[in-house]
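What follows is a single structure, written as structure tokens, with notes after it.
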Amino acid sequence: ITGWKIPDFFPQIQFADQKQEFNKRPSKIGRRSLSRSISQSSTDSYSSGVFPRCVPPALFPPHPHFPFAISLAEMPALMALRKRAQGEKPLAGAKIVGCTHITAQTAVLMETLGALGAQCRWAACNIYSTLNEVAAALAESGFPVFAWKGESEDDFWWCIDRCVNVEGWQPNMILDDGGDLTHWIYKKYPNMFKKIKGIVEESVTGVHRLYQLSKAGKLCVPAMNVNDSVTKQKFDNLYCCRESILDGLKRTTDMMFGGKQVVVCGYGEVGKGCCAALKAMGSIVYVTEIDPICALQACMDGFRLVKLNEVIRQVDIVITCTGNKNVVTREHLDRMKNSCIVCNMGHSNTEIDVASLRTPELTWERVRSQVDHVIWPDGKRIVLLAEGRLLNLSCSTVPTFVLSITATTQALALIELYNAPEGRYKQDVYLLPKKMDEYVASLHLPTFDAHLTELTDEQAKYLGLNKNGPFKPNYYRCPPALTLPVPSSSVPSQCPPSPVPSQPCAPAPAWGHLRFNPTHPLR
């Protein structure tokens, strides 16, 4: 931002009840020091509730918040939102439980939510994506964080439960990535779930679960579908994956992409990003797709559309990014060529049937962190990355600037749901208002010294638009993201009829309860 100087790291925000709970974590061996080495305890069992795993002080950079300092420079919109709204505390009284990737970017989001008045408790949505030094720094700042890199499945659910189940602390907002936290509270703590004021969900998997609850009439709180906002689809899903797919594959396999045959399962925004990156590196890219619109786009973009069975014997890399389950089955895995690389760029670990590989006749050999060779009796082996979990956040990093867009969108969605008057949102799933989408985008434009063209009064009248936006109707979504069907009765009246099923559109945000103006240019 022109003329904007990166501030010193925000003062550590502590809440008395959080600090007290942090100091009283139960453990069979007593409280573990923050300075205990990760490597020293990499094989320890944490099912008993030991928290957290942290690096020793000698491994911390001189600046205790170095991971955050880099992120601050690349997250201009979140910092602008923090600066404008922290005086008003729009989230005062909000008690947010979150389940996302624990990275430096998430830490900046948590600090921002705290600066806006919220109390936060956090768990990880992926057992491999947590950065231990970030979790340690957050815990040191007074945020209860229940996560460490390399959790077991039992640890994963224990962390979520420990995040939610604390005496004297009732969450009223959920920020989820994948739906695991929402599902856990809904199943195990139904009374707590009924008292939630709003849910913000950012993944295809989690959104699909919310629509299932809504369709069954079991969703008793309003939810905001951030995943299908234009900014999330285009920037986090497409541009982020376009860069991070290469980073994840390079870090784990050191392979050269030129001339390699790759099949990408799914041509949504994530698939588009992966295909574009691999094609630019000289790979021969095939695409599988169930949606004829996405399939036609793949053909028009120069990719050959195939069924997985047709190319599974010849490809060098298999990448899944569908959000579905059993996309790559044991039958596919048995037919793969020797040294074929298999990985997943979707949120959930259900796309590759990894469970079918855990049989006595197959041998697993860990060759480096997050890289396993699965060896068949005849000597054939495949290279499985991150045990079928999300590749980019498990094995590498993602661009901070893109995550700034997503984090700002999440923060605005939380503010909107928390401050919305009674009755504005019913017990359903809503799309983020386009006004917020455009606001988030506008906050990032000054980074590029970009200058928007303004409509004249005559042009605005001709198009039937307000000069300040929104410039797209609420039902607009960047094509061709998969549209999940919902009951027609749940579509609000302000959404014009659409030839395809669409999600409910959120009413225009009640910006009156926030005294900062979203259309005001950033100076």
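Scheme for the structure tokens: letters A, B, ... for chains in order shown; per-chain residue numbers from 1; ligand numbers from 1 in order shown.
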What lies within 8 Å of range 267-280 of chain A using only C-alpha atoms, ignoring chain neighbours under 2 positions off, as a short mmCIF file (atom, residue, chain, number, x, y, z; two decimals) with N, CA, C and O atoms, in the first residue's frame?
data_model
loop_
_atom_site.label_atom_id
_atom_site.label_comp_id
_atom_site.auth_asym_id
_atom_site.auth_seq_id
_atom_site.Cartn_x
_atom_site.Cartn_y
_atom_site.Cartn_z
N GLN A 233 -12.78 -18.45 -5.05
CA GLN A 233 -12.67 -19.36 -6.19
C GLN A 233 -11.52 -18.99 -7.11
O GLN A 233 -10.70 -19.83 -7.48
N LYS A 234 -11.46 -17.73 -7.46
CA LYS A 234 -10.48 -17.30 -8.46
C LYS A 234 -9.07 -17.24 -7.88
O LYS A 234 -8.11 -17.63 -8.54
N ASN A 237 -8.27 -20.73 -4.98
CA ASN A 237 -8.36 -22.01 -5.67
C ASN A 237 -7.54 -22.05 -6.97
O ASN A 237 -6.86 -23.04 -7.24
N LEU A 238 -7.61 -21.02 -7.76
CA LEU A 238 -6.94 -21.06 -9.07
C LEU A 238 -5.49 -20.58 -8.99
O LEU A 238 -4.56 -21.34 -9.23
N TYR A 239 -5.29 -19.32 -8.63
CA TYR A 239 -3.94 -18.75 -8.68
C TYR A 239 -3.03 -19.38 -7.63
O TYR A 239 -1.84 -19.58 -7.88
N CYS A 240 -3.57 -19.66 -6.47
CA CYS A 240 -2.75 -20.29 -5.42
C CYS A 240 -2.27 -21.67 -5.86
O CYS A 240 -1.08 -21.99 -5.75
N CYS A 241 -3.18 -22.48 -6.39
CA CYS A 241 -2.80 -23.84 -6.80
C CYS A 241 -1.92 -23.84 -8.03
O CYS A 241 -1.10 -24.74 -8.22
N ARG A 242 -2.05 -22.82 -8.85
CA ARG A 242 -1.20 -22.72 -10.04
C ARG A 242 0.28 -22.60 -9.64
O ARG A 242 1.16 -23.06 -10.35
N GLU A 243 0.54 -21.97 -8.51
CA GLU A 243 1.92 -21.83 -8.05
C GLU A 243 2.34 -22.94 -7.10
O GLU A 243 3.47 -23.43 -7.16
N ILE A 245 1.26 -26.10 -6.68
CA ILE A 245 1.37 -27.49 -7.13
C ILE A 245 2.80 -27.81 -7.53
O ILE A 245 3.34 -28.87 -7.18
N LEU A 246 3.47 -26.88 -8.22
CA LEU A 246 4.85 -27.11 -8.63
C LEU A 246 5.78 -27.13 -7.42
O LEU A 246 6.70 -27.95 -7.34
N PHE A 257 9.61 -31.58 -14.81
CA PHE A 257 8.26 -31.70 -15.33
C PHE A 257 8.21 -31.82 -16.85
O PHE A 257 7.24 -32.36 -17.39
N VAL A 264 -4.79 -34.98 -14.46
CA VAL A 264 -5.39 -34.17 -13.39
C VAL A 264 -6.87 -34.52 -13.33
O VAL A 264 -7.61 -34.33 -14.31
N CYS A 265 -7.29 -35.03 -12.20
CA CYS A 265 -8.69 -35.45 -12.02
C CYS A 265 -9.50 -34.27 -11.50
O CYS A 265 -9.37 -33.89 -10.33
N GLY A 282 5.97 -27.77 -19.62
CA GLY A 282 6.27 -28.73 -20.68
C GLY A 282 5.70 -30.11 -20.44
O GLY A 282 6.05 -31.05 -21.18
N SER A 283 4.83 -30.27 -19.47
CA SER A 283 4.22 -31.58 -19.22
C SER A 283 3.10 -31.84 -20.23
O SER A 283 2.46 -30.91 -20.74
N ILE A 284 2.85 -33.13 -20.47
CA ILE A 284 1.71 -33.55 -21.30
C ILE A 284 0.57 -33.83 -20.33
O ILE A 284 0.66 -34.74 -19.50
N VAL A 285 -0.50 -33.03 -20.41
CA VAL A 285 -1.54 -33.05 -19.37
C VAL A 285 -2.84 -33.61 -19.92
O VAL A 285 -3.35 -33.17 -20.96
N VAL A 287 -6.93 -34.65 -18.66
CA VAL A 287 -7.92 -34.22 -17.67
C VAL A 287 -9.07 -35.22 -17.63
O VAL A 287 -9.52 -35.71 -18.68
N THR A 288 -9.52 -35.53 -16.41
CA THR A 288 -10.77 -36.29 -16.25
C THR A 288 -11.79 -35.35 -15.62
O THR A 288 -11.45 -34.52 -14.79
N GLU A 289 -13.05 -35.49 -16.03
CA GLU A 289 -14.08 -34.57 -15.54
C GLU A 289 -15.45 -35.19 -15.72
O GLU A 289 -15.69 -35.93 -16.69
N CYS A 294 -17.25 -28.03 -17.57
CA CYS A 294 -15.82 -28.03 -17.23
C CYS A 294 -15.04 -28.84 -18.25
O CYS A 294 -13.91 -28.49 -18.61
N ALA A 295 -15.63 -29.95 -18.70
CA ALA A 295 -14.96 -30.80 -19.68
C ALA A 295 -14.72 -30.04 -20.98
O ALA A 295 -13.65 -30.12 -21.59
N ALA A 298 -11.90 -27.67 -20.60
CA ALA A 298 -10.60 -28.35 -20.67
C ALA A 298 -10.20 -28.58 -22.12
O ALA A 298 -9.04 -28.38 -22.51
N CYS A 321 -8.17 -33.51 -7.66
CA CYS A 321 -8.66 -32.23 -7.12
C CYS A 321 -10.14 -32.09 -7.42
O CYS A 321 -10.57 -31.17 -8.13
N THR A 322 -10.93 -33.02 -6.89
CA THR A 322 -12.36 -33.07 -7.17
C THR A 322 -13.22 -32.78 -5.95
O THR A 322 -14.38 -32.38 -6.10
N MET A 345 -4.73 -32.65 -4.42
CA MET A 345 -4.80 -31.21 -4.21
C MET A 345 -6.17 -30.77 -3.71
O MET A 345 -6.44 -29.57 -3.59
N GLY A 346 -7.05 -31.72 -3.42
CA GLY A 346 -8.33 -31.41 -2.81
C GLY A 346 -8.18 -31.36 -1.30
O GLY A 346 -7.19 -31.80 -0.73
N PRO A 480 -16.36 -22.02 -13.94
CA PRO A 480 -17.51 -22.89 -13.91
C PRO A 480 -17.54 -23.68 -12.61
O PRO A 480 -17.62 -24.90 -12.63
N ALA A 481 -17.39 -23.02 -11.47
CA ALA A 481 -17.36 -23.74 -10.21
C ALA A 481 -18.59 -24.62 -10.07
O ALA A 481 -19.68 -24.25 -10.47
N LEU A 482 -18.40 -25.80 -9.51
CA LEU A 482 -19.48 -26.75 -9.35
C LEU A 482 -20.57 -26.15 -8.48
O LEU A 482 -20.32 -25.62 -7.41
#
Inset, instruction - Among the residues of range 298-447 of chain A, find those DSSP assigns to alpha helix (DSSP H) from the backbone and print them as a count of residues only. - result: 49
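In terms of minimum interatomic distance to Lys232 in chain A, A:Ile405 ranks closest within A:Met436, A:Ile405, A:Leu308, A:Leu465, counting only C-alpha atoms.
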Inset, instruction - Point out the residue among A:Leu455, A:Leu385, A:Leu219, A:Ala77 with the least atom-to-atom distance to Lys467 in chain A, counting only C-alpha atoms. - result: A:Leu455
Inset, instruction - Find the residues around Val315 in chain A up to 12 Å (only C-alpha atoms counted), leave out those fewer than 5 positions away in its own chain, and share them as a PyMOL selection string. - result: chain A and resi 259-264+283-287+308-310+332-333+335-342+382
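With only C-alpha atoms as the atoms that count, the minimum distance from Glu88 in chain A to the choices A:Val440, A:Ile415, A:Leu296, A:Met110 is reached by A:Ile415.
Closest to Pro433 in chain A among A:Lys149, A:Lys461, A:Lys472, A:Lys83 is A:Lys472, based on only C-alpha atoms.
If you count only C-alpha atoms and ignore residues fewer than 2 places along the chain from Cys99 in chain A, what sits within 9 Å of it is Val97, His101, Ile102, Arg121, Trp122, Ala123, Ala124, Cys125, Asn126, Ile160, Ile174, Leu175, Asp176, Asp177, Gly178, Gly179, Asp180, Leu181 and Thr182 of chain A.
Among the candidates A:Val221, A:Ala411, A:Val402, A:Cys120, the one nearest to Tyr430 in chain A when counting only C-alpha atoms is A:Val221.
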Inset, instruction - Please indicate the distance in Å from CA of Thr106 in chain A to CA of Ala407 in chain A, rounded to one decimal place. - result: 7.6 Å
Inset, instruction - Mind checking which residues fall within 12 Å of Asn466 in chain A, counting only C-alpha atoms, ignoring those fewer than 3 positions away in the same chain, and posting them as a PyMOL selection string? - result: chain A and resi 435+454-463+469-473+519
Generate a file of the selected residues that holds N, CA, C and O atoms, formatted as an mmCIF file, in the first residue's frame.
data_model
loop_
_atom_site.group_PDB
_atom_site.id
_atom_site.type_symbol
_atom_site.label_atom_id
_atom_site.label_comp_id
_atom_site.auth_asym_id
_atom_site.auth_seq_id
_atom_site.Cartn_x
_atom_site.Cartn_y
_atom_site.Cartn_z
ATOM 1 N N LYS A 435 -20.982 -7.280 -2.614
ATOM 2 C CA LYS A 435 -20.389 -6.043 -2.128
ATOM 3 C C LYS A 435 -19.130 -6.344 -1.331
ATOM 4 O O LYS A 435 -18.115 -5.643 -1.440
ATOM 5 N N GLU A 454 -13.684 4.597 -13.248
ATOM 6 C CA GLU A 454 -14.978 4.877 -12.631
ATOM 7 C C GLU A 454 -16.027 5.116 -13.715
ATOM 8 O O GLU A 454 -15.772 5.769 -14.738
ATOM 9 N N LEU A 455 -17.207 4.592 -13.473
ATOM 10 C CA LEU A 455 -18.311 4.809 -14.401
ATOM 11 C C LEU A 455 -18.763 6.265 -14.342
ATOM 12 O O LEU A 455 -18.777 6.887 -13.275
ATOM 13 N N THR A 456 -19.154 6.790 -15.473
ATOM 14 C CA THR A 456 -19.823 8.081 -15.475
ATOM 15 C C THR A 456 -21.283 7.864 -15.074
ATOM 16 O O THR A 456 -21.786 6.726 -15.088
ATOM 17 N N ASP A 457 -21.965 8.928 -14.741
ATOM 18 C CA ASP A 457 -23.384 8.805 -14.387
ATOM 19 C C ASP A 457 -24.180 8.225 -15.549
ATOM 20 O O ASP A 457 -25.081 7.399 -15.356
ATOM 21 N N GLU A 458 -23.848 8.656 -16.759
ATOM 22 C CA GLU A 458 -24.556 8.159 -17.936
ATOM 23 C C GLU A 458 -24.310 6.662 -18.136
ATOM 24 O O GLU A 458 -25.243 5.908 -18.449
ATOM 25 N N GLN A 459 -23.045 6.235 -17.948
ATOM 26 C CA GLN A 459 -22.723 4.809 -18.101
ATOM 27 C C GLN A 459 -23.410 3.963 -17.030
ATOM 28 O O GLN A 459 -23.918 2.876 -17.318
ATOM 29 N N ALA A 460 -23.392 4.465 -15.790
ATOM 30 C CA ALA A 460 -24.028 3.721 -14.699
ATOM 31 C C ALA A 460 -25.525 3.566 -14.951
ATOM 32 O O ALA A 460 -26.107 2.497 -14.718
ATOM 33 N N LYS A 461 -26.152 4.637 -15.449
ATOM 34 C CA LYS A 461 -27.584 4.575 -15.752
ATOM 35 C C LYS A 461 -27.852 3.601 -16.889
ATOM 36 O O LYS A 461 -28.821 2.829 -16.865
ATOM 37 N N TYR A 462 -26.983 3.601 -17.889
ATOM 38 C CA TYR A 462 -27.145 2.703 -19.038
ATOM 39 C C TYR A 462 -27.077 1.237 -18.605
ATOM 40 O O TYR A 462 -27.830 0.396 -19.074
ATOM 41 N N LEU A 463 -26.138 0.927 -17.680
ATOM 42 C CA LEU A 463 -25.970 -0.445 -17.209
ATOM 43 C C LEU A 463 -26.914 -0.797 -16.069
ATOM 44 O O LEU A 463 -27.021 -1.971 -15.686
ATOM 45 N N GLY A 469 -20.775 0.169 -7.080
ATOM 46 C CA GLY A 469 -20.980 -1.265 -7.021
ATOM 47 C C GLY A 469 -22.153 -1.625 -6.110
ATOM 48 O O GLY A 469 -22.788 -0.753 -5.533
ATOM 49 N N PRO A 470 -22.479 -2.914 -5.999
ATOM 50 C CA PRO A 470 -21.765 -4.033 -6.628
ATOM 51 C C PRO A 470 -21.980 -4.082 -8.136
ATOM 52 O O PRO A 470 -23.020 -3.676 -8.641
ATOM 53 N N PHE A 471 -20.970 -4.579 -8.829
ATOM 54 C CA PHE A 471 -20.989 -4.627 -10.282
ATOM 55 C C PHE A 471 -21.467 -5.972 -10.815
ATOM 56 O O PHE A 471 -21.643 -6.137 -12.020
ATOM 57 N N LYS A 472 -21.630 -6.931 -9.935
ATOM 58 C CA LYS A 472 -22.168 -8.234 -10.310
ATOM 59 C C LYS A 472 -23.366 -8.534 -9.416
ATOM 60 O O LYS A 472 -23.389 -8.168 -8.230
ATOM 61 N N PRO A 473 -24.360 -9.226 -9.950
ATOM 62 C CA PRO A 473 -25.509 -9.598 -9.117
ATOM 63 C C PRO A 473 -25.094 -10.642 -8.078
ATOM 64 O O PRO A 473 -24.077 -11.312 -8.228
ATOM 65 N N THR A 519 -16.612 1.268 0.788
ATOM 66 C CA THR A 519 -16.347 1.812 -0.543
ATOM 67 C C THR A 519 -15.313 2.925 -0.509
ATOM 68 O O THR A 519 -14.939 3.455 -1.555
#
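Counting only C-alpha atoms and comparing A:His347, A:Lys194, A:His444, A:Lys187, the residue that lies closest to Val207 in chain A is A:His347.
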Legend entry - Straight-line distance linking CA of Gly198 in chain A with CA of Asn225 in chain A, stated in Å to one decimal: 11.0 Å
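A straight line drawn from CA of Lys325 in chain A to CA of Thr205 in chain A is 10.3 Å long.
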Legend entry - Those of range 171-362 of chain A in DSSP strand (DSSP E or B), formatted as a PyMOL selection string: chain A and resi 173-176+198-201+223-225+261-265+284-288+304-305+317-320+328+340-344+352
Inset, instruction - Do a neighbour search on Ala386 in chain A at 9 Å with only C-alpha atoms, toss out local chain neighbours closer than 6 positions, and write the hits as a ChimeraX atom specification. - result: /A:128,343-344,369-372,394-395
